[in-house]
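**Student:** This is protein-v6.pdb, which holds PDB, C-alpha atoms, pLDDT in the B column:
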```
ATOM      1  CA  GLY P   1      16.339  -1.104  17.540  1.00 69.00           C
ATOM      2  CA  GLN P   2      12.616  -1.017  18.111  1.00 82.00           C
ATOM      3  CA  ASN P   3      10.332  -3.965  17.417  1.00 91.00           C
ATOM      4  CA  ILE P   4       6.566  -3.830  17.733  1.00 95.00           C
ATOM      5  CA  ASP P   5       4.448  -6.774  16.591  1.00 96.00           C
ATOM      6  CA  GLN P   6       0.728  -6.968  15.933  1.00 97.00           C
ATOM      7  CA  PRO P   7      -1.336  -9.443  13.915  1.00 97.00           C
ATOM      8  CA  THR P   8      -1.870  -8.215  10.364  1.00 96.00           C
ATOM      9  CA  GLU P   9      -5.559  -8.999  10.062  1.00 97.00           C
ATOM     10  CA  MET P  10      -8.469 -10.108  12.231  1.00 98.00           C
ATOM     11  CA  THR P  11     -12.117 -10.798  11.513  1.00 98.00           C
ATOM     12  CA  ALA P  12     -14.973 -10.778  14.015  1.00 97.00           C
ATOM     13  CA  THR P  13     -18.743 -10.755  14.076  1.00 97.00           C
ATOM     14  CA  GLU P  14     -20.963  -7.817  14.945  1.00 98.00           C
ATOM     15  CA  GLY P  15     -21.830  -7.862  18.645  1.00 98.00           C
ATOM     16  CA  ALA P  16     -18.854 -10.037  19.583  1.00 98.00           C
ATOM     17  CA  ILE P  17     -15.679  -9.241  21.550  1.00 98.00           C
ATOM     18  CA  VAL P  18     -12.237  -9.081  19.925  1.00 98.00           C
ATOM     19  CA  GLN P  19      -8.774  -8.778  21.457  1.00 98.00           C
ATOM     20  CA  ILE P  20      -5.902  -7.283  19.458  1.00 98.00           C
ATOM     21  CA  ASN P  21      -2.469  -8.079  20.857  1.00 98.00           C
ATOM     22  CA  CYS P  22       0.714  -6.039  20.672  1.00 98.00           C
ATOM     23  CA  THR P  23       4.160  -7.132  21.811  1.00 98.00           C
ATOM     24  CA  TYR P  24       7.108  -4.796  21.923  1.00 97.00           C
ATOM     25  CA  GLN P  25      10.847  -4.726  22.440  1.00 94.00           C
ATOM     26  CA  THR P  26      12.098  -1.170  22.589  1.00 88.00           C
ATOM     27  CA  SER P  27      15.011   0.784  24.007  1.00 85.00           C
ATOM     28  CA  GLY P  28      13.164   2.788  26.624  1.00 86.00           C
ATOM     29  CA  PHE P  29       9.480   2.869  27.494  1.00 91.00           C
ATOM     30  CA  ASN P  30       7.426   5.928  28.350  1.00 91.00           C
ATOM     31  CA  GLY P  31       3.949   4.601  27.617  1.00 94.00           C
ATOM     32  CA  LEU P  32       1.879   2.741  25.037  1.00 96.00           C
ATOM     33  CA  PHE P  33      -0.867   4.196  22.869  1.00 97.00           C
ATOM     34  CA  TRP P  34      -3.594   2.647  20.736  1.00 98.00           C
ATOM     35  CA  TYR P  35      -4.944   4.522  17.729  1.00 98.00           C
ATOM     36  CA  GLN P  36      -7.796   3.751  15.336  1.00 98.00           C
ATOM     37  CA  GLN P  37      -7.441   4.501  11.636  1.00 97.00           C
ATOM     38  CA  HIS P  38     -10.300   4.173   9.158  1.00 97.00           C
ATOM     39  CA  ALA P  39      -9.349   3.661   5.522  1.00 94.00           C
ATOM     40  CA  GLY P  40      -8.207   6.893   3.901  1.00 94.00           C
ATOM     41  CA  GLU P  41      -8.281   8.826   7.161  1.00 96.00           C
ATOM     42  CA  ALA P  42      -5.834   9.962   9.830  1.00 97.00           C
ATOM     43  CA  PRO P  43      -5.264   7.942  13.012  1.00 97.00           C
ATOM     44  CA  THR P  44      -7.246   8.990  16.083  1.00 97.00           C
ATOM     45  CA  PHE P  45      -6.383   8.304  19.719  1.00 97.00           C
ATOM     46  CA  LEU P  46      -8.132   5.463  21.551  1.00 97.00           C
ATOM     47  CA  SER P  47      -6.258   4.708  24.769  1.00 96.00           C
ATOM     48  CA  TYR P  48      -3.035   5.108  26.750  1.00 95.00           C
ATOM     49  CA  ASN P  49      -1.269   2.883  29.283  1.00 96.00           C
ATOM     50  CA  VAL P  50       1.887   3.724  31.192  1.00 94.00           C
ATOM     51  CA  LEU P  51       1.377   1.551  34.297  1.00 96.00           C
ATOM     52  CA  ASP P  52       0.539  -2.146  34.383  1.00 97.00           C
ATOM     53  CA  GLY P  53      -3.124  -3.010  34.341  1.00 97.00           C
ATOM     54  CA  LEU P  54      -6.368  -2.342  32.566  1.00 97.00           C
ATOM     55  CA  GLU P  55      -7.727   1.002  31.343  1.00 95.00           C
ATOM     56  CA  GLU P  56     -11.410   1.023  30.385  1.00 95.00           C
ATOM     57  CA  LYS P  57     -13.156   3.581  28.178  1.00 91.00           C
ATOM     58  CA  GLY P  58     -16.662   2.558  27.243  1.00 94.00           C
ATOM     59  CA  ARG P  59     -16.587  -0.336  24.756  1.00 96.00           C
ATOM     60  CA  PHE P  60     -12.791  -0.151  24.541  1.00 96.00           C
ATOM     61  CA  SER P  61     -10.262  -1.389  27.113  1.00 97.00           C
ATOM     62  CA  SER P  62      -6.505  -1.625  26.967  1.00 98.00           C
ATOM     63  CA  PHE P  63      -4.154  -3.693  29.092  1.00 98.00           C
ATOM     64  CA  LEU P  64      -0.416  -3.379  29.688  1.00 98.00           C
ATOM     65  CA  SER P  65       2.221  -5.673  31.178  1.00 98.00           C
ATOM     66  CA  ARG P  66       5.590  -3.912  31.120  1.00 96.00           C
ATOM     67  CA  SER P  67       7.500  -6.958  32.379  1.00 95.00           C
ATOM     68  CA  LYS P  68       6.169  -9.022  29.462  1.00 96.00           C
ATOM     69  CA  GLY P  69       6.386  -6.239  26.861  1.00 96.00           C
ATOM     70  CA  TYR P  70       2.741  -6.900  26.052  1.00 97.00           C
ATOM     71  CA  SER P  71      -0.464  -4.985  25.559  1.00 98.00           C
ATOM     72  CA  TYR P  72      -3.880  -5.728  24.187  1.00 98.00           C
ATOM     73  CA  LEU P  73      -6.853  -3.711  23.017  1.00 98.00           C
ATOM     74  CA  LEU P  74     -10.240  -5.213  23.802  1.00 98.00           C
ATOM     75  CA  LEU P  75     -13.268  -4.141  21.802  1.00 98.00           C
ATOM     76  CA  LYS P  76     -16.690  -5.195  23.123  1.00 97.00           C
ATOM     77  CA  GLU P  77     -20.119  -5.192  21.469  1.00 98.00           C
ATOM     78  CA  LEU P  78     -18.529  -4.838  18.057  1.00 98.00           C
ATOM     79  CA  GLN P  79     -20.231  -2.584  15.552  1.00 98.00           C
ATOM     80  CA  MET P  80     -19.748  -2.378  11.787  1.00 97.00           C
ATOM     81  CA  LYS P  81     -18.137   1.048  12.231  1.00 97.00           C
ATOM     82  CA  ASP P  82     -15.344  -0.613  14.247  1.00 98.00           C
ATOM     83  CA  SER P  83     -13.953  -2.005  10.972  1.00 98.00           C
ATOM     84  CA  ALA P  84     -10.631  -0.157  10.801  1.00 97.00           C
ATOM     85  CA  SER P  85      -6.912  -0.522  11.401  1.00 97.00           C
ATOM     86  CA  TYR P  86      -5.726  -0.467  14.999  1.00 98.00           C
ATOM     87  CA  LEU P  87      -2.219   0.855  15.608  1.00 97.00           C
ATOM     88  CA  CYS P  88      -0.093   0.110  18.651  1.00 97.00           C
ATOM     89  CA  ALA P  89       2.541   2.775  19.380  1.00 96.00           C
ATOM     90  CA  VAL P  90       5.256   2.836  22.039  1.00 95.00           C
ATOM     91  CA  ASP P  91       6.772   6.057  23.325  1.00 93.00           C
ATOM     92  CA  THR P  92      10.510   5.611  23.708  1.00 85.00           C
ATOM     93  CA  ASN P  93      12.423   8.779  24.492  1.00 74.00           C
ATOM     94  CA  ALA P  94      12.191  12.475  23.676  1.00 69.00           C
ATOM     95  CA  GLY P  95       8.487  11.952  22.982  1.00 74.00           C
ATOM     96  CA  LYS P  96       9.124   9.749  19.945  1.00 88.00           C
ATOM     97  CA  SER P  97       6.336   7.290  19.176  1.00 92.00           C
ATOM     98  CA  THR P  98       7.255   4.093  17.316  1.00 93.00           C
ATOM     99  CA  PHE P  99       4.349   2.343  15.607  1.00 96.00           C
ATOM    100  CA  GLY P 100       3.585  -1.268  14.811  1.00 96.00           C
ATOM    101  CA  ASP P 101       2.344  -2.104  11.324  1.00 95.00           C
ATOM    102  CA  GLY P 102      -1.273  -2.105  12.482  1.00 96.00           C
ATOM    103  CA  THR P 103      -4.032  -4.704  12.661  1.00 97.00           C
ATOM    104  CA  THR P 104      -6.839  -4.493  10.113  1.00 97.00           C
ATOM    105  CA  LEU P 105     -10.091  -5.529  11.769  1.00 98.00           C
ATOM    106  CA  THR P 106     -13.066  -6.520   9.654  1.00 98.00           C
ATOM    107  CA  VAL P 107     -16.426  -6.737  11.401  1.00 98.00           C
ATOM    108  CA  LYS P 108     -18.977  -8.937   9.634  1.00 97.00           C
ATOM    109  CA  PRO P 109     -22.736  -8.920  10.163  1.00 96.00           C
TER     110      PRO P 109
ATOM    111  CA  ASN O 110      -9.957  25.861  16.037  1.00 66.00           C
ATOM    112  CA  ALA O 111      -8.484  23.980  13.065  1.00 79.00           C
ATOM    113  CA  GLY O 112      -6.095  21.640  14.957  1.00 95.00           C
ATOM    114  CA  VAL O 113      -3.420  20.319  12.581  1.00 97.00           C
ATOM    115  CA  THR O 114      -3.663  21.495   8.966  1.00 97.00           C
ATOM    116  CA  GLN O 115      -1.683  19.882   6.165  1.00 98.00           C
ATOM    117  CA  THR O 116      -1.395  21.184   2.632  1.00 97.00           C
ATOM    118  CA  PRO O 117      -1.628  20.076  -0.089  1.00 97.00           C
ATOM    119  CA  LYS O 118      -3.971  17.079   0.235  1.00 97.00           C
ATOM    120  CA  PHE O 119      -2.682  15.489  -2.976  1.00 97.00           C
ATOM    121  CA  GLN O 120       0.480  16.024  -5.013  1.00 97.00           C
ATOM    122  CA  VAL O 121       2.086  14.404  -8.049  1.00 97.00           C
ATOM    123  CA  LEU O 122       5.774  15.036  -8.686  1.00 97.00           C
ATOM    124  CA  LYS O 123       8.235  13.925 -11.294  1.00 98.00           C
ATOM    125  CA  THR O 124      11.484  12.283 -10.225  1.00 98.00           C
ATOM    126  CA  GLY O 125      14.022  14.935  -9.282  1.00 97.00           C
ATOM    127  CA  GLN O 126      11.537  17.698  -8.497  1.00 97.00           C
ATOM    128  CA  SER O 127      11.511  19.336  -5.078  1.00 96.00           C
ATOM    129  CA  MET O 128       8.590  20.461  -2.991  1.00 96.00           C
ATOM    130  CA  THR O 129       7.526  21.424   0.522  1.00 98.00           C
ATOM    131  CA  LEU O 130       4.708  19.804   2.478  1.00 98.00           C
ATOM    132  CA  GLN O 131       3.162  22.274   4.876  1.00 98.00           C
ATOM    133  CA  CYS O 132       1.992  21.584   8.436  1.00 98.00           C
ATOM    134  CA  ALA O 133       0.434  24.222  10.685  1.00 98.00           C
ATOM    135  CA  GLN O 134      -1.106  23.828  14.143  1.00 97.00           C
ATOM    136  CA  ASP O 135      -3.074  26.191  16.352  1.00 96.00           C
ATOM    137  CA  MET O 136      -2.989  24.135  19.563  1.00 95.00           C
ATOM    138  CA  ASN O 137       0.269  25.639  20.874  1.00 94.00           C
ATOM    139  CA  HIS O 138       1.865  22.179  20.988  1.00 95.00           C
ATOM    140  CA  GLU O 139       5.625  22.177  21.407  1.00 94.00           C
ATOM    141  CA  TYR O 140       6.137  18.769  19.821  1.00 94.00           C
ATOM    142  CA  MET O 141       5.633  18.296  16.067  1.00 96.00           C
ATOM    143  CA  SER O 142       6.578  15.372  13.845  1.00 97.00           C
ATOM    144  CA  TRP O 143       6.340  13.964  10.342  1.00 98.00           C
ATOM    145  CA  TYR O 144       5.472  10.341   9.564  1.00 98.00           C
ATOM    146  CA  ARG O 145       5.104   8.455   6.313  1.00 98.00           C
ATOM    147  CA  GLN O 146       2.727   5.541   5.866  1.00 97.00           C
ATOM    148  CA  ASP O 147       3.159   3.010   3.084  1.00 94.00           C
ATOM    149  CA  PRO O 148       0.514   0.383   2.189  1.00 85.00           C
ATOM    150  CA  GLY O 149       0.322  -2.380   4.776  1.00 77.00           C
ATOM    151  CA  MET O 150       2.871  -0.704   6.973  1.00 81.00           C
ATOM    152  CA  GLY O 151       2.756   1.348  10.073  1.00 87.00           C
ATOM    153  CA  LEU O 152       3.768   4.935  10.475  1.00 96.00           C
ATOM    154  CA  ARG O 153       7.480   5.600  10.255  1.00 96.00           C
ATOM    155  CA  LEU O 154       8.971   8.698  11.834  1.00 96.00           C
ATOM    156  CA  ILE O 155      10.865  10.981   9.438  1.00 97.00           C
ATOM    157  CA  HIS O 156      11.767  14.037  11.545  1.00 97.00           C
ATOM    158  CA  TYR O 157      10.508  15.593  14.727  1.00 95.00           C
ATOM    159  CA  SER O 158      10.825  18.789  16.753  1.00 95.00           C
ATOM    160  CA  VAL O 159      10.430  19.375  20.497  1.00 92.00           C
ATOM    161  CA  GLY O 160      10.191  23.146  20.108  1.00 93.00           C
ATOM    162  CA  ALA O 161      10.964  26.118  17.886  1.00 94.00           C
ATOM    163  CA  GLY O 162      14.562  26.029  16.660  1.00 95.00           C
ATOM    164  CA  ILE O 163      15.046  22.339  17.547  1.00 95.00           C
ATOM    165  CA  THR O 164      14.751  19.448  15.099  1.00 96.00           C
ATOM    166  CA  ASP O 165      16.001  15.865  15.079  1.00 94.00           C
ATOM    167  CA  GLN O 166      15.958  12.822  12.837  1.00 95.00           C
ATOM    168  CA  GLY O 167      13.599   9.895  13.112  1.00 94.00           C
ATOM    169  CA  GLU O 168      13.841   6.418  11.567  1.00 92.00           C
ATOM    170  CA  VAL O 169      13.759   7.382   7.879  1.00 96.00           C
ATOM    171  CA  PRO O 170      15.195  10.926   7.459  1.00 97.00           C
ATOM    172  CA  ASN O 171      17.140  10.505   4.213  1.00 96.00           C
ATOM    173  CA  GLY O 172      15.879  12.682   1.361  1.00 96.00           C
ATOM    174  CA  TYR O 173      13.926  15.002   3.660  1.00 98.00           C
ATOM    175  CA  ASN O 174      14.705  18.277   5.433  1.00 97.00           C
ATOM    176  CA  VAL O 175      12.759  20.139   8.117  1.00 98.00           C
ATOM    177  CA  SER O 176      12.964  23.421   9.965  1.00 96.00           C
ATOM    178  CA  ARG O 177      11.027  24.854  12.924  1.00 97.00           C
ATOM    179  CA  SER O 178      11.213  28.627  13.004  1.00 97.00           C
ATOM    180  CA  THR O 179       7.872  29.058  14.826  1.00 96.00           C
ATOM    181  CA  THR O 180       5.795  26.980  17.239  1.00 96.00           C
ATOM    182  CA  GLU O 181       2.967  26.803  14.688  1.00 97.00           C
ATOM    183  CA  ASP O 182       4.711  25.584  11.523  1.00 98.00           C
ATOM    184  CA  PHE O 183       6.794  22.536  10.664  1.00 98.00           C
ATOM    185  CA  PRO O 184       7.372  22.197   6.902  1.00 98.00           C
ATOM    186  CA  LEU O 185       8.831  19.046   5.345  1.00 98.00           C
ATOM    187  CA  ARG O 186      11.019  19.502   2.262  1.00 98.00           C
ATOM    188  CA  LEU O 187      11.691  16.855  -0.336  1.00 97.00           C
ATOM    189  CA  LEU O 188      14.992  17.829  -1.924  1.00 92.00           C
ATOM    190  CA  SER O 189      14.943  15.631  -5.049  1.00 97.00           C
ATOM    191  CA  ALA O 190      11.859  13.425  -5.215  1.00 97.00           C
ATOM    192  CA  ALA O 191      12.246   9.708  -5.905  1.00 97.00           C
ATOM    193  CA  PRO O 192       9.566   7.058  -6.618  1.00 97.00           C
ATOM    194  CA  SER O 193      10.440   5.466  -3.253  1.00 96.00           C
ATOM    195  CA  GLN O 194       9.002   8.588  -1.613  1.00 97.00           C
ATOM    196  CA  THR O 195       5.523   7.832  -2.933  1.00 97.00           C
ATOM    197  CA  SER O 196       3.541   7.593   0.287  1.00 98.00           C
ATOM    198  CA  VAL O 197       0.991   9.222   2.547  1.00 98.00           C
ATOM    199  CA  TYR O 198       2.587  11.800   4.820  1.00 98.00           C
ATOM    200  CA  PHE O 199       1.111  12.701   8.201  1.00 98.00           C
ATOM    201  CA  CYS O 200       2.048  15.596  10.416  1.00 98.00           C
ATOM    202  CA  ALA O 201       1.364  14.945  14.111  1.00 97.00           C
ATOM    203  CA  THR O 202       1.642  17.127  17.203  1.00 97.00           C
ATOM    204  CA  ARG O 203       1.402  16.555  20.931  1.00 95.00           C
ATOM    205  CA  ARG O 204       1.203  18.738  24.001  1.00 90.00           C
ATOM    206  CA  VAL O 205       3.656  16.834  26.202  1.00 79.00           C
ATOM    207  CA  THR O 206       5.457  13.513  25.914  1.00 74.00           C
ATOM    208  CA  ASP O 207       2.738  11.473  27.700  1.00 80.00           C
ATOM    209  CA  SER O 208      -0.159  12.880  25.695  1.00 91.00           C
ATOM    210  CA  PRO O 209      -1.567  11.425  22.468  1.00 94.00           C
ATOM    211  CA  LEU O 210      -0.562  12.516  18.999  1.00 96.00           C
ATOM    212  CA  HIS O 211      -2.967  14.715  17.032  1.00 97.00           C
ATOM    213  CA  PHE O 212      -2.736  14.027  13.305  1.00 98.00           C
ATOM    214  CA  GLY O 213      -3.374  16.174  10.279  1.00 98.00           C
ATOM    215  CA  ASN O 214      -5.453  14.708   7.442  1.00 97.00           C
ATOM    216  CA  GLY O 215      -2.429  13.659   5.446  1.00 97.00           C
ATOM    217  CA  THR O 216      -0.801  14.488   2.115  1.00 98.00           C
ATOM    218  CA  ARG O 217      -0.950  11.799  -0.560  1.00 97.00           C
ATOM    219  CA  LEU O 218       2.220  12.099  -2.643  1.00 98.00           C
ATOM    220  CA  THR O 219       2.946  10.244  -5.874  1.00 97.00           C
ATOM    221  CA  VAL O 220       6.366  10.462  -7.514  1.00 97.00           C
ATOM    222  CA  THR O 221       6.529   9.252 -11.128  1.00 97.00           C
TER     223      THR O 221
END
```
Show this structure as C-alpha cells.

**Tutor:**
Amino acid sequence: GQNIDQPTEMTATEGAIVQINCTYQTSGFNGLFWYQQHAGEAPTFLSYNVLDGLEEKGRFSSFLSRSKGYSYLLLKELQMKDSASYLCAVDTNAGKSTFGDGTTLTVKP
Amino acid sequence: NAGVTQTPKFQVLKTGQSMTLQCAQDMNHEYMSWYRQDPGMGLRLIHYSVGAGITDQGEVPNGYNVSRSTTEDFPLRLLSAAPSQTSVYFCATRRVTDSPLHFGNGTRLTVT
C-alpha cells in the first residue's frame, strides 16, 4: 500500500519561514509534487522533485531525500495569501499520483 | 484556452439516482484522472486513463464507471448514488508522467 504523512495543521506569522514535512512509503517512486489548495478551489502546482536535493522557486523551495522517504516544502517571507492547504503527492507507477491528507497552514498577522 | 472544464459545478442527487460528471480538456493531454476529496482528507484516485480507449482503476473505484472514447473527454458515471459518495470531485490531466497535474474547478456533489 501507499502511505504519505503530513502534519494536519500549522500556524505561522506573516514574514516568517515555515517548513512543511512529508514522509512517504510507497511501492515505486517516480517523483514528488507539492500543490497549493486555497479553500473552495482546485489544487495548483508548486514544485517537483525527482532527484535528491533542493529545488528553489522564488519564496518556495522543496527538498527531497529518496533514501529517507522524506520531503519538505519551505515557504519564506510568509504572506497572508499563503494561508492554504499544502498537498504532498508521490508519483508511483503509470503516472498515478497518490496524495497525503494535506497540511492546512494559517498565516497570522 | 479553457484548460480542464468540469460540469456541473454543483449537483444534488437522491439515493439511487444515476448521473454523469463531465470532464473536457483542450490541452491534448494523454493522461486524465478523477479524484474525490472529502473534508480533512487528501485526494483519492477513483479512475484514470493513459490514453483514448484505455482506463484503469484507482484506489476507490467502486460505484463509479469511466470511459475514454476521445482524448478530450473523460466522463465519470455514478451508477446508483449513495450518501457515501457526497464529496468534491476533481478531474485532473497531465502531459506526461513527470509533469504536474492540471485540475478542473471541481464538482460539488451531495447525495441525500

**Student:** Tell me, in Å to one decimal, how far atom CA of P:Glu9 is from atom CA of P:Pro109.

**Tutor:** 17.2 Å

**Student:** List the residues matched by the ChimeraX specification (/O :<7) & /P in the displayed structure as a list in words, ordered by chain and then by residue number.

**Tutor:** Gly31, Glu41, Ala42, Pro43, Phe45, Gly95, Phe99, Gly100, Asp101 and Gly102 of chain P

**Student:** Have a look at P:Ala12, P:Leu74, P:Val18, P:Leu105 and name the one nearest to P:Trp34; count all atoms listed in the file.

**Tutor:**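 For P:Trp34, the nearest of the given residues is P:Leu74.
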
**Student:** Can you tell me, as JSON, numbers by chain, what residues are no more than 10 Å from P:Glu77 when counting only C-alpha atoms, ignoring any on the same chain fewer than 3 positions away?

**Tutor:** {"P": [13, 14, 15, 16, 17, 18, 59, 60, 82]}

**Student:** Report as a list in words the full result of the PyMOL selection byres ((chain O and resi 115) around 7) when it is applied to this structure.

**Tutor:**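 On this input, the PyMOL selection byres ((chain O and resi 115) around 7) captures Val113, Thr114, Thr116, Pro117, Lys118, Gln131, Cys132, Ala133, Gly213, Asn214, Gly215 and Thr216 of chain O.
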
**Student:** Using all atoms listed in the file, which of the listed residues (P:Ala84, P:Thr26, P:Leu64, P:Asp91) sits closest to P:Gly40?

**Tutor:**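 Of P:Ala84, P:Thr26, P:Leu64, P:Asp91, the one nearest P:Gly40 is P:Ala84, counting all atoms listed in the file.
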
**Student:** How many Å separate atom CA of P:Ser47 from atom CA of P:Leu87?

**Tutor:**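 Atom-to-atom, atom CA of P:Ser47 to atom CA of P:Leu87, that is 10.7 Å.
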
**Student:** Measuring between only C-alpha atoms, which one of P:Thr92, P:Thr98, P:Gln37, P:Ser85 shows the shortest distance to P:Val50?

**Tutor:**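 The closest residue to P:Val50 is P:Thr92.
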
**Student:** Hey, can you pull every residue with an atom no more than 7 Å from (8.8, 9.2, -10.5), using only C-alpha atoms, and send it as a PyMOL selection string?

**Tutor:** chain O and resi 122-124+191-192+220-221

**Student:** Return as number ranges by chain the set of residues that the PyMOL selection byres ((chain O and resi 182) around 9) yields on the displayed structure.

**Tutor:** O: 131-134, 141, 161, 176-181, 183-184

**Student:** Which value, in Å to one decimal, gives the distance between atom CA of O:Trp143 and atom CA of P:Thr23?

**Tutor:**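 Separation of atom CA of O:Trp143 and atom CA of P:Thr23: 24.1 Å.
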
**Student:** Mind working out the centre and edge lengths of an axis-aligned box for stretch 56-72 of chain P, all listed atoms inside, 5 Å added to each side, rounded to one decimal in Å and written as JSON?

**Tutor:**
```
{"center_x": -4.6, "center_y": -2.7, "center_z": 28.3, "size_x": 34.2, "size_y": 22.6, "size_z": 18.2}
```

**Student:** Identify which of the residues P:Asn21, P:Asn93, P:Gln79, P:Gln36 lies closest to P:Thr8, counting all atoms listed in the file when measuring atom-to-atom distances.

**Tutor:** P:Asn21

**Student:** Could you tell me which of P:Ser83, P:Gln2, P:Asn49, P:Ser65 comes closest to P:Thr103 if we count all atoms listed in the file?

**Tutor:**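 Answer, going by the shortest atom-to-atom distance: P:Ser83.
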
**Student:** Which one of P:Tyr35, P:Tyr48, P:Tyr24, P:Tyr86 sits closest to P:Ser67 if you count all atoms listed in the file?

**Tutor:**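 Once distances to P:Ser67 are computed over all atoms listed in the file, the minimum belongs to P:Tyr24.
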
**Student:** Select, counting all atoms listed in the file, all protein, DNA and RNA residues no farther than 6 Å from (-13.6, -8.5, 11.1) in file coordinates, and express the selection as a compact mmCIF listing (two decimals) with C-alpha atoms, keeping the file's coordinate frame.

**Tutor:**
```txt
# COMPACT_ATOMS: atom_id res chain seq x y z
CA MET P 10 -8.47 -10.11 12.23
CA THR P 11 -12.12 -10.80 11.51
CA ALA P 12 -14.97 -10.78 14.02
CA LEU P 105 -10.09 -5.53 11.77
CA THR P 106 -13.07 -6.52 9.65
CA VAL P 107 -16.43 -6.74 11.40
CA LYS P 108 -18.98 -8.94 9.63
```
